[in-house]
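As stored in my_file_14.cif (mmCIF, C-alpha atoms):
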```
data_data
#
loop_
_atom_site.label_atom_id
_atom_site.label_comp_id
_atom_site.auth_asym_id
_atom_site.auth_seq_id
_atom_site.Cartn_x
_atom_site.Cartn_y
_atom_site.Cartn_z
CA MET A 578 -1.67 25.73 -21.18
CA GLN A 579 -5.08 24.07 -21.18
CA SER A 580 -7.95 25.81 -19.43
CA TRP A 581 -9.17 24.55 -16.07
CA ARG A 582 -12.49 23.66 -17.72
CA SER A 583 -10.79 21.24 -20.12
CA LEU A 584 -8.76 19.73 -17.29
CA MET A 585 -11.94 18.98 -15.36
CA ARG A 586 -13.55 17.02 -18.22
CA PHE A 587 -12.89 13.69 -16.57
CA GLU A 588 -14.28 10.42 -17.75
CA PRO A 589 -16.44 8.65 -15.11
CA PHE A 590 -13.79 6.22 -13.88
CA THR A 591 -11.16 8.95 -13.89
CA MET A 592 -13.45 10.94 -11.64
CA VAL A 593 -13.88 7.87 -9.39
CA LEU A 594 -10.08 7.64 -9.06
CA HIS A 595 -9.78 11.18 -7.78
CA ILE A 596 -12.80 10.87 -5.48
CA ALA A 597 -11.31 7.65 -4.04
CA LEU A 598 -8.07 9.41 -3.17
CA GLY A 599 -10.05 12.11 -1.39
CA ILE A 600 -11.97 9.49 0.61
CA ILE A 601 -8.71 7.75 1.58
CA ILE A 602 -7.31 11.06 2.86
CA LEU A 603 -10.56 11.68 4.76
CA GLY A 604 -10.33 8.23 6.36
CA ALA A 605 -6.72 8.88 7.36
CA CYS A 606 -7.76 12.17 9.00
CA VAL A 607 -10.56 10.45 10.94
CA THR A 608 -8.11 7.79 12.13
CA HIS A 609 -5.56 10.40 13.16
CA PHE A 610 -7.93 12.68 15.09
CA PHE A 611 -10.46 10.20 16.50
CA GLY A 612 -8.70 6.84 16.55
CA GLU A 613 -6.40 5.41 19.18
CA GLN A 614 -3.60 2.90 18.93
CA GLY A 615 -0.85 1.49 21.10
CA GLU A 616 0.58 -1.66 22.64
CA ILE A 617 -0.38 -3.61 25.72
CA HIS A 618 1.82 -6.09 27.61
CA LEU A 619 0.04 -9.05 29.19
CA ARG A 620 1.47 -11.57 31.61
CA ALA A 621 -0.23 -14.78 32.66
CA ASP A 622 -0.84 -13.51 36.20
CA GLU A 623 -1.91 -9.95 35.34
CA ALA A 624 -4.89 -8.12 33.86
CA GLN A 625 -4.94 -4.96 31.75
CA THR A 626 -7.89 -2.66 31.07
CA LEU A 627 -8.42 -0.57 27.94
CA THR A 628 -10.93 2.27 27.81
CA HIS A 629 -11.59 4.60 24.92
CA ARG A 630 -13.96 7.54 25.27
CA SER A 631 -14.91 8.38 21.73
CA SER A 632 -15.85 11.92 20.83
CA ILE A 633 -17.97 10.77 17.88
CA THR A 634 -20.01 8.05 19.64
CA ARG A 635 -21.82 7.94 22.97
CA THR A 636 -20.31 4.66 24.03
CA ALA A 637 -17.23 4.30 26.19
CA PRO A 638 -16.09 0.71 25.72
CA SER A 639 -14.00 -0.70 28.54
CA VAL A 640 -12.38 -4.11 28.13
CA THR A 641 -10.25 -5.95 30.67
CA LEU A 642 -7.93 -8.56 29.15
CA PHE A 643 -6.54 -11.68 30.80
CA LEU A 644 -3.87 -13.79 29.11
CA TRP A 645 -5.30 -17.30 29.19
CA ASP A 646 -2.70 -19.10 27.03
CA PHE A 647 0.07 -18.43 24.56
CA GLN A 648 1.91 -20.80 22.27
CA VAL A 649 4.33 -20.69 19.38
CA VAL A 650 3.52 -23.05 16.52
CA TYR A 651 6.55 -24.64 14.86
CA ASP A 652 6.94 -26.52 11.59
CA ALA A 653 8.70 -29.87 11.12
CA GLU A 654 12.09 -28.11 11.07
CA ASN A 655 11.40 -26.24 14.32
CA ASN A 656 10.84 -22.87 12.62
CA PRO A 657 8.08 -20.65 14.08
CA VAL A 658 5.12 -20.35 11.72
CA ASP A 659 2.46 -18.80 13.95
CA PHE A 660 1.80 -17.21 17.34
CA ILE A 661 -1.48 -17.98 19.12
CA THR A 662 -2.71 -15.88 22.03
CA GLU A 663 -5.83 -17.00 23.89
CA LEU A 664 -7.59 -14.22 25.80
CA ARG A 665 -10.36 -13.88 28.33
CA LEU A 666 -12.14 -10.54 28.00
CA LEU A 667 -14.16 -8.88 30.73
CA ASP A 668 -16.58 -6.51 29.00
CA ARG A 669 -17.75 -3.45 30.92
CA SER A 670 -20.02 -0.97 29.13
CA ALA A 671 -20.30 2.74 29.79
CA ASN A 672 -23.34 2.14 31.98
CA ALA A 673 -22.23 1.08 35.47
CA ASN A 674 -25.48 -0.85 35.96
CA ALA A 675 -25.09 -2.85 32.77
CA LYS A 676 -24.34 -6.55 32.86
CA VAL A 677 -20.70 -7.58 32.80
CA THR A 678 -19.91 -10.32 30.31
CA ILE A 679 -16.88 -12.56 29.94
CA ASP A 680 -15.85 -13.65 26.46
CA GLU A 681 -12.99 -15.54 24.88
CA GLY A 682 -10.92 -14.51 21.90
CA THR A 683 -7.89 -15.60 19.90
CA VAL A 684 -5.17 -13.49 18.31
CA ARG A 685 -3.00 -15.05 15.62
CA MET A 686 -0.41 -13.69 13.24
CA ASN A 687 -2.21 -11.86 10.41
CA LYS A 688 -5.55 -12.70 12.09
CA PRO A 689 -6.44 -9.91 14.53
CA LEU A 690 -9.14 -10.17 17.17
CA LYS A 691 -12.00 -7.68 16.79
CA TYR A 692 -13.91 -6.85 19.95
CA ARG A 693 -16.25 -3.91 20.68
CA GLY A 694 -14.46 -1.61 18.26
CA PHE A 695 -11.01 -2.67 19.46
CA ARG A 696 -8.66 -4.67 17.24
CA PHE A 697 -5.82 -6.68 18.78
CA CYS A 698 -2.82 -7.92 16.76
CA GLN A 699 0.12 -10.09 17.75
CA SER A 700 3.22 -7.92 18.16
CA ASP A 701 5.78 -9.72 20.36
CA TYR A 702 6.13 -12.21 23.21
CA ASP A 703 8.34 -12.64 26.26
CA SER A 704 11.32 -14.97 26.09
CA ASP A 705 9.76 -17.29 28.70
CA GLN A 706 6.54 -17.42 26.62
CA GLN A 707 4.54 -16.41 29.70
CA GLY A 708 3.72 -12.96 28.38
CA VAL A 709 2.76 -11.26 25.12
CA VAL A 710 2.72 -7.81 23.60
CA LEU A 711 -0.41 -6.98 21.61
CA ALA A 712 -0.81 -4.01 19.30
CA TYR A 713 -4.28 -2.53 19.56
CA ASN A 714 -6.34 0.20 17.96
CA TYR A 715 -9.77 1.66 18.39
CA ASP A 716 -10.88 3.14 15.08
CA PRO A 717 -14.50 2.20 14.28
CA TRP A 718 -14.91 4.90 11.62
CA GLY A 719 -11.56 5.66 10.00
CA ILE A 720 -10.77 2.14 8.79
CA GLY A 721 -14.21 1.76 7.19
CA ILE A 722 -13.90 5.09 5.36
CA THR A 723 -10.38 4.29 4.21
CA TYR A 724 -11.30 0.82 2.97
CA THR A 725 -14.21 2.35 1.04
CA GLY A 726 -11.64 4.57 -0.66
CA TYR A 727 -9.49 1.53 -1.45
CA ALA A 728 -12.45 -0.25 -3.06
CA LEU A 729 -13.36 2.79 -5.17
CA LEU A 730 -9.72 3.20 -6.15
CA LEU A 731 -9.60 -0.38 -7.44
CA ILE A 732 -12.84 0.12 -9.38
CA GLY A 733 -11.51 3.35 -10.86
CA MET A 734 -8.17 1.85 -11.92
CA VAL A 735 -9.77 -1.17 -13.61
CA GLY A 736 -12.52 0.87 -15.23
CA PHE A 737 -10.08 3.47 -16.51
CA PHE A 738 -8.74 1.13 -19.18
CA PHE A 739 -12.26 0.57 -20.59
CA GLN A 740 -12.95 4.26 -21.14
CA LYS A 741 -12.93 5.28 -24.80
CA HIS A 742 -12.16 8.98 -24.72
CA THR A 743 -8.93 9.19 -22.79
CA ARG A 744 -5.44 10.28 -23.57
CA PHE A 745 -4.28 6.73 -22.89
CA ARG A 746 -6.54 5.33 -25.62
CA ALA A 747 -5.40 8.02 -28.09
CA LEU A 748 -1.74 7.18 -27.49
CA LEU A 749 -2.46 3.46 -27.67
CA LYS A 750 -3.85 3.71 -31.20
CA ASN A 751 -0.64 5.22 -32.52
CA GLN A 752 1.88 3.16 -30.56
CA HIS A 753 0.45 -0.37 -30.30
CA LYS A 754 3.39 -1.95 -32.16
CA TRP A 755 5.96 -0.27 -29.95
CA LEU A 756 3.88 -1.19 -26.94
CA MET A 757 4.31 -4.90 -27.66
CA VAL A 758 8.08 -4.42 -27.76
CA GLY A 759 8.03 -2.53 -24.46
CA LEU A 760 5.87 -5.17 -22.78
CA GLY A 761 8.17 -7.91 -24.06
CA ILE A 762 11.17 -6.21 -22.48
CA ALA A 763 9.20 -5.73 -19.27
CA ALA A 764 8.26 -9.42 -19.19
CA VAL A 765 11.91 -10.47 -19.44
CA ILE A 766 13.01 -8.06 -16.71
CA LEU A 767 10.15 -9.12 -14.44
CA ALA A 768 10.91 -12.82 -14.90
CA VAL A 769 14.53 -12.25 -13.88
CA ILE A 770 13.56 -10.15 -10.86
CA MET A 771 10.93 -12.57 -9.58
CA THR A 772 13.17 -15.63 -9.84
CA LYS A 773 16.48 -14.15 -8.69
CA VAL A 774 15.70 -11.30 -6.32
CA VAL A 775 12.18 -11.29 -4.97
CA THR A 776 11.38 -14.92 -4.18
CA PRO A 777 11.75 -15.25 -0.39
CA LYS A 778 13.87 -18.10 0.88
CA PRO A 779 12.24 -20.40 3.43
CA PRO A 780 11.73 -20.50 6.30
CA LEU A 781 9.44 -17.47 6.19
CA GLN A 782 8.81 -15.38 9.26
CA PRO A 783 5.25 -15.74 10.61
CA VAL A 784 4.31 -12.25 9.41
CA LEU A 785 5.07 -13.39 5.84
CA GLN A 786 2.85 -16.47 6.06
CA THR A 787 -0.05 -14.94 4.13
CA PRO A 788 -1.32 -14.98 0.51
CA LEU A 789 -1.02 -11.18 0.55
CA LEU A 790 2.76 -11.56 0.35
CA GLY A 791 2.68 -12.93 -3.18
CA ILE A 792 0.09 -10.41 -4.36
CA HIS A 793 1.80 -7.41 -2.78
CA VAL A 794 5.29 -8.29 -4.04
CA SER A 795 4.15 -9.27 -7.55
CA VAL A 796 2.16 -6.08 -8.12
CA ILE A 797 4.94 -3.84 -6.78
CA MET A 798 7.58 -5.61 -8.86
CA LEU A 799 5.45 -5.30 -12.00
CA ALA A 800 5.27 -1.56 -11.37
CA TYR A 801 9.04 -1.30 -10.82
CA THR A 802 9.66 -3.29 -13.99
CA LEU A 803 7.51 -0.96 -16.08
CA PHE A 804 9.29 2.02 -14.51
CA ALA A 805 12.58 0.42 -15.57
CA VAL A 806 11.36 0.18 -19.18
CA ILE A 807 10.29 3.83 -19.03
CA MET A 808 13.77 4.72 -17.79
CA ILE A 809 15.33 2.73 -20.67
CA ASN A 810 13.04 4.60 -23.07
CA GLY A 811 14.32 7.83 -21.58
CA ILE A 812 17.93 6.90 -22.29
CA LEU A 813 17.09 5.76 -25.82
CA GLY A 814 15.04 8.90 -26.38
CA LEU A 815 18.07 11.05 -25.62
CA CYS A 816 20.32 8.93 -27.85
CA LEU A 817 17.94 8.45 -30.81
CA PRO A 818 16.56 11.83 -31.93
CA LYS A 819 14.44 10.34 -34.74
CA ARG A 820 12.61 8.05 -32.30
CA ARG A 821 12.40 10.58 -29.48
CA GLU A 822 8.70 11.39 -29.77
CA GLN A 823 7.67 7.75 -30.29
CA LEU A 824 9.64 6.65 -27.25
CA MET A 825 8.12 9.44 -25.18
CA GLN A 826 4.61 8.36 -26.16
CA LEU A 827 5.45 4.74 -25.34
CA SER A 828 6.68 5.83 -21.91
CA GLN A 829 3.45 7.71 -21.35
CA ILE A 830 1.42 4.61 -22.24
CA LEU A 831 3.40 2.37 -19.88
CA LEU A 832 3.20 4.95 -17.12
CA TYR A 833 -0.53 4.39 -16.61
CA PRO A 834 -0.39 0.66 -15.70
CA ALA A 835 2.92 1.18 -13.88
CA LEU A 836 1.52 3.89 -11.62
CA PHE A 837 -1.71 1.97 -11.06
CA CYS A 838 0.23 -1.15 -10.08
CA LEU A 839 2.41 0.78 -7.65
CA THR A 840 -0.66 2.42 -6.12
CA ALA A 841 -2.47 -0.92 -5.81
CA GLY A 842 0.64 -2.51 -4.29
CA ILE A 843 0.94 0.22 -1.68
CA PHE A 844 -2.67 -0.16 -0.59
CA ILE A 845 -2.52 -3.96 -0.60
CA GLY A 846 0.45 -3.54 1.72
CA ALA A 847 -1.66 -1.20 3.86
CA VAL A 848 -4.38 -3.85 4.24
CA TRP A 849 -1.70 -6.40 5.14
CA ALA A 850 -0.18 -4.02 7.70
CA ASN A 851 -3.61 -3.54 9.25
CA LEU A 852 -3.90 -7.30 9.71
CA SER A 853 -0.35 -7.79 10.99
CA TRP A 854 0.47 -4.67 13.00
CA GLY A 855 -2.93 -3.15 13.74
CA ARG A 856 -2.52 -0.05 11.56
CA TYR A 857 -2.69 0.43 7.81
CA TRP A 858 -0.17 3.24 7.74
CA GLY A 859 2.69 3.91 10.15
CA TRP A 860 5.16 6.03 8.15
CA ASP A 861 7.64 3.18 7.99
CA PRO A 862 10.59 4.26 5.75
CA LYS A 863 9.77 1.74 3.01
CA GLU A 864 6.09 2.65 2.75
CA THR A 865 6.87 6.37 3.02
CA TRP A 866 9.32 6.26 0.14
CA ALA A 867 6.96 4.11 -1.90
CA LEU A 868 4.39 6.90 -1.44
CA ILE A 869 6.98 9.51 -2.48
CA THR A 870 7.77 7.44 -5.59
CA MET A 871 4.06 7.21 -6.39
CA LEU A 872 3.69 11.00 -6.13
CA VAL A 873 6.76 11.58 -8.34
CA TYR A 874 5.38 9.38 -11.11
CA ALA A 875 1.90 10.85 -10.66
CA ALA A 876 3.42 14.27 -11.37
CA LEU A 877 5.14 12.84 -14.45
CA LEU A 878 1.83 11.34 -15.60
CA HIS A 879 -0.02 14.65 -15.28
CA LEU A 880 2.75 16.73 -16.87
CA PRO A 881 1.61 16.26 -20.51
CA VAL A 882 -2.00 16.93 -19.47
CA VAL A 883 -1.06 20.25 -17.86
CA LYS A 884 1.26 21.26 -20.69
CA GLY A 885 -1.24 20.40 -23.42
CA LYS A 886 -1.06 18.71 -26.83
CA LEU A 887 1.13 21.38 -28.42
CA HIS A 888 4.05 20.37 -26.23
CA MET A 889 4.05 16.78 -27.47
CA SER A 890 6.00 17.73 -30.61
CA ASN A 891 8.13 20.32 -28.85
CA LEU A 892 11.77 19.22 -28.83
CA LYS A 893 12.59 20.77 -25.45
CA PHE A 894 9.57 19.13 -23.85
CA GLN A 895 10.50 15.71 -25.26
CA ILE A 896 14.06 15.99 -23.97
CA SER A 897 12.86 17.21 -20.58
CA TYR A 898 10.34 14.38 -20.35
CA HIS A 899 13.00 11.74 -21.06
CA ILE A 900 15.36 13.29 -18.51
CA LEU A 901 12.61 13.33 -15.88
CA SER A 902 11.82 9.67 -16.68
CA ILE A 903 15.42 8.77 -15.91
CA VAL A 904 15.59 10.89 -12.74
CA ALA A 905 12.29 9.47 -11.46
CA PHE A 906 13.72 5.95 -11.55
CA ALA A 907 16.25 7.01 -8.93
CA PHE A 908 13.33 7.13 -6.48
CA VAL A 909 12.49 3.52 -7.36
CA LEU A 910 16.07 2.43 -6.74
CA PHE A 911 16.23 4.24 -3.41
CA THR A 912 12.86 2.85 -2.32
CA TYR A 913 13.87 -0.71 -3.12
CA PHE A 914 17.56 -0.73 -2.22
CA GLY A 915 18.46 2.48 -0.40
CA VAL A 916 15.76 2.35 2.25
CA SER A 917 16.52 -1.28 3.12
CA TYR A 918 20.23 -0.67 3.66
CA LEU A 919 20.22 2.89 5.01
CA LEU A 920 16.95 3.43 6.88
CA GLY A 921 15.80 -0.05 7.94
CA GLY A 922 12.34 -0.22 9.50
CA LEU A 923 9.66 -2.90 9.63
CA HIS A 924 10.49 -4.03 6.09
CA SER A 925 14.03 -5.04 7.03
CA TYR A 926 12.94 -8.71 6.90
CA ALA A 927 12.81 -8.31 3.10
CA ASN A 928 16.57 -7.84 2.84
#
```
Represent the supplied structure as structure tokens.
Amino acid sequence: MQSWRSLMRFEPFTMVLHIALGIIILGACVTHFFGEQGEIHLRADEAQTLTHRSSITRTAPSVTLFLWDFQVVYDAENNPVDFITELRLLDRSANANAKVTIDEGTVRMNKPLKYRGFRFCQSDYDSDQQGVVLAYNYDPWGIGITYTGYALLLIGMVGFFFQKHTRFRALLKNQHKWLMVGLGIAAVILAVIMTKVVTPKPPLQPVLQTPLLGIHVSVIMLAYTLFAVIMINGILGLCLPKRREQLMQLSQILLYPALFCLTAGIFIGAVWANLSWGRYWGWDPKETWALITMLVYAALLHLPVVKGKLHMSNLKFQISYHILSIVAFAFVLFTYFGVSYLLGGLHSYAN
């Protein structure tokens, strides 16, 4: 086994990746312990007041909301495409002698209203369209910290492929021909998936009316496609002893972009969720199992690093690696199919 000193010899962008994950976890902790979220029901003839006394700031924002107007926007075929809530906001500061101000604000689907640290998102509306349900959160610090982690994570993932002294680059030099074959297979699988399975059929629900839909789905499907090729390599590696080591190395090469795409897709989905539902993470079954899948493949990625170079030519290690590659794909299948049909959740619209 390699020494801890050798394991800690990270390249700069590799170090950024790990720091980013730590910042994301820190942001999540700040949100959990100091943030506040919930739902508020407004009727046209009622007012609701929200107050949050923060333990990390001296302010105590208090906002009274009045529902001024609500309307559903329909397309030419009478399908809802947007929800628009017009609000009047009575702003009371922590100081009782301070001036009270009245402002106006609009909440639309995927376009939350930000006001004095509060964020309001469209959640539901009454059948008579005289009342709405708004999701809200007060998290002035956690979201900023978490989004900083997201930005660093993106920088780290892109920069990783430009580093010269990495295990990925070493494998790439020896397996570039096989890599082209693997990418060709992945391209065919991805084309079939995107045209037959993933493309949503109109009319789209209002929550899906965003450019983030195409980005989120495409990146996730690219990751799943590469995982499928890795799984195929695992089967071939068990059936073709003479190509076992080559196929294992090819799987290890593909695992880097596959895991990065899955990670990026999860966090793009988190940004989307923050715009649509007022929180970037809610432990919905689909997102939870996507996270589990990410952790499983992250463990598979780090396995050769922990075991060391001597294990690359070890027959038992090669067989074990191919078996684990096949088993790991079961998490992909459950995340994509099993969760939708067995656990449901907010992603049930994707069925």
Contacts of segment 682-692 of chain A within 8 Å, only C-alpha atoms, excl. fewer than 4 positions in-chain, as a PyMOL selection string: chain A and resi 659-666+696-699+783-784+787+849+852-853+855
Top pick for closest residue to Gly612 of chain A, considering A:Pro657, A:Gly708, A:Gly599, A:Pro717 and counting only C-alpha atoms: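 Of A:Pro657, A:Gly708, A:Gly599, A:Pro717, the one nearest Gly612 of chain A, counting only C-alpha atoms, is A:Pro717.
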Picked residues, the PyMOL selection byres ((chain A and resi 799-805) around 6), as a list in words: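 Given this file, the PyMOL selection byres ((chain A and resi 799-805) around 6) evaluates to Ala763, Leu767, Val796, Ile797, Met798, Val806, Ile807, Met808, Ala835, Cys838 and Leu839 of chain A.
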Pick from A:Arg856, A:Phe590, A:Ser897, A:Ser917, whichever lies nearest to Val735 of chain A using all atoms listed in the file: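 Smallest separation from Val735 of chain A among the options: A:Phe590.
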Protein, DNA and RNA residues within 12 Å of (3.5, 5.6, -1.8), only C-alpha atoms, as a PyMOL selection string: chain A and resi 797+836-847+858+860-875+908-909+912
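Going from atom CA of Tyr898 of chain A over to atom CA of Leu817 of chain A, you cover 14.2 Å.
For the atom pair formed by atom CA of Ser795 of chain A and atom CA of Tyr727 of chain A, the distance is 18.4 Å, given to one decimal.
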Interface rows for segment 820-888 of chain A against segment 744-751 of chain A: nearest pair, Å to one decimal, 8 Å, all atoms listed in the file, as a Markdown table:
```
| residue | atom | partner | partner_atom | distance |
| --- | --- | --- | --- | --- |
| A:Gln826 | CA | A:Leu748 | CA | 6.6 |
| A:Leu827 | CA | A:Leu748 | CA | 7.9 |
| A:Gln829 | CA | A:Phe745 | CA | 7.9 |
| A:Ile830 | CA | A:Phe745 | CA | 6.1 |
| A:Tyr833 | CA | A:Phe745 | CA | 7.7 |
```
Which residue of A:Asn891, A:Gln740, A:Gln625, A:Ser902 approaches Leu711 of chain A most closely, using only C-alpha atoms: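 Looking at the shortest contact to Leu711 of chain A, the residue is A:Gln625.
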Given the PyMOL selection byres ((chain A and resi 811) around 7), the residues it picks as a PyMOL selection string: chain A and resi 807-810+812-815+899-900+902-903
Nearest to Gly733 of chain A, chosen from A:Leu892, A:Val593, A:Ala621, A:Ala876, with only C-alpha atoms counted in the distances: A:Val593
Counting all atoms listed in the file, the residue of A:His742, A:His595, A:His618, A:Lys893 that sits nearest Pro818 of chain A: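 Smallest distance to Pro818 of chain A is found for A:Lys893.
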Option closest in space to Cys816 of chain A, from A:Ile896, A:Leu667, A:Cys606, A:Val650 [counting all atoms listed in the file]: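 So, comparing all the options, the nearest one is A:Ile896.
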Target residues per the PyMOL selection byres ((chain A and resi 715) around 8), formatted as a count of residues only: 11
Give the padded box for segment 803-812 of chain A as JSON: axis-aligned, covering all atoms listed in the file, 3 Å on each side, centre and edge lengths in Å to one decimal.
```
{"center_x": 12.7, "center_y": 3.4, "center_z": -18.8, "size_x": 16.4, "size_y": 14.8, "size_z": 14.6}
```
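Our summary of the geometry notes that atom CA of Tyr724 of chain A is positioned 13.0 Å from atom CA of Ala850 of chain A.
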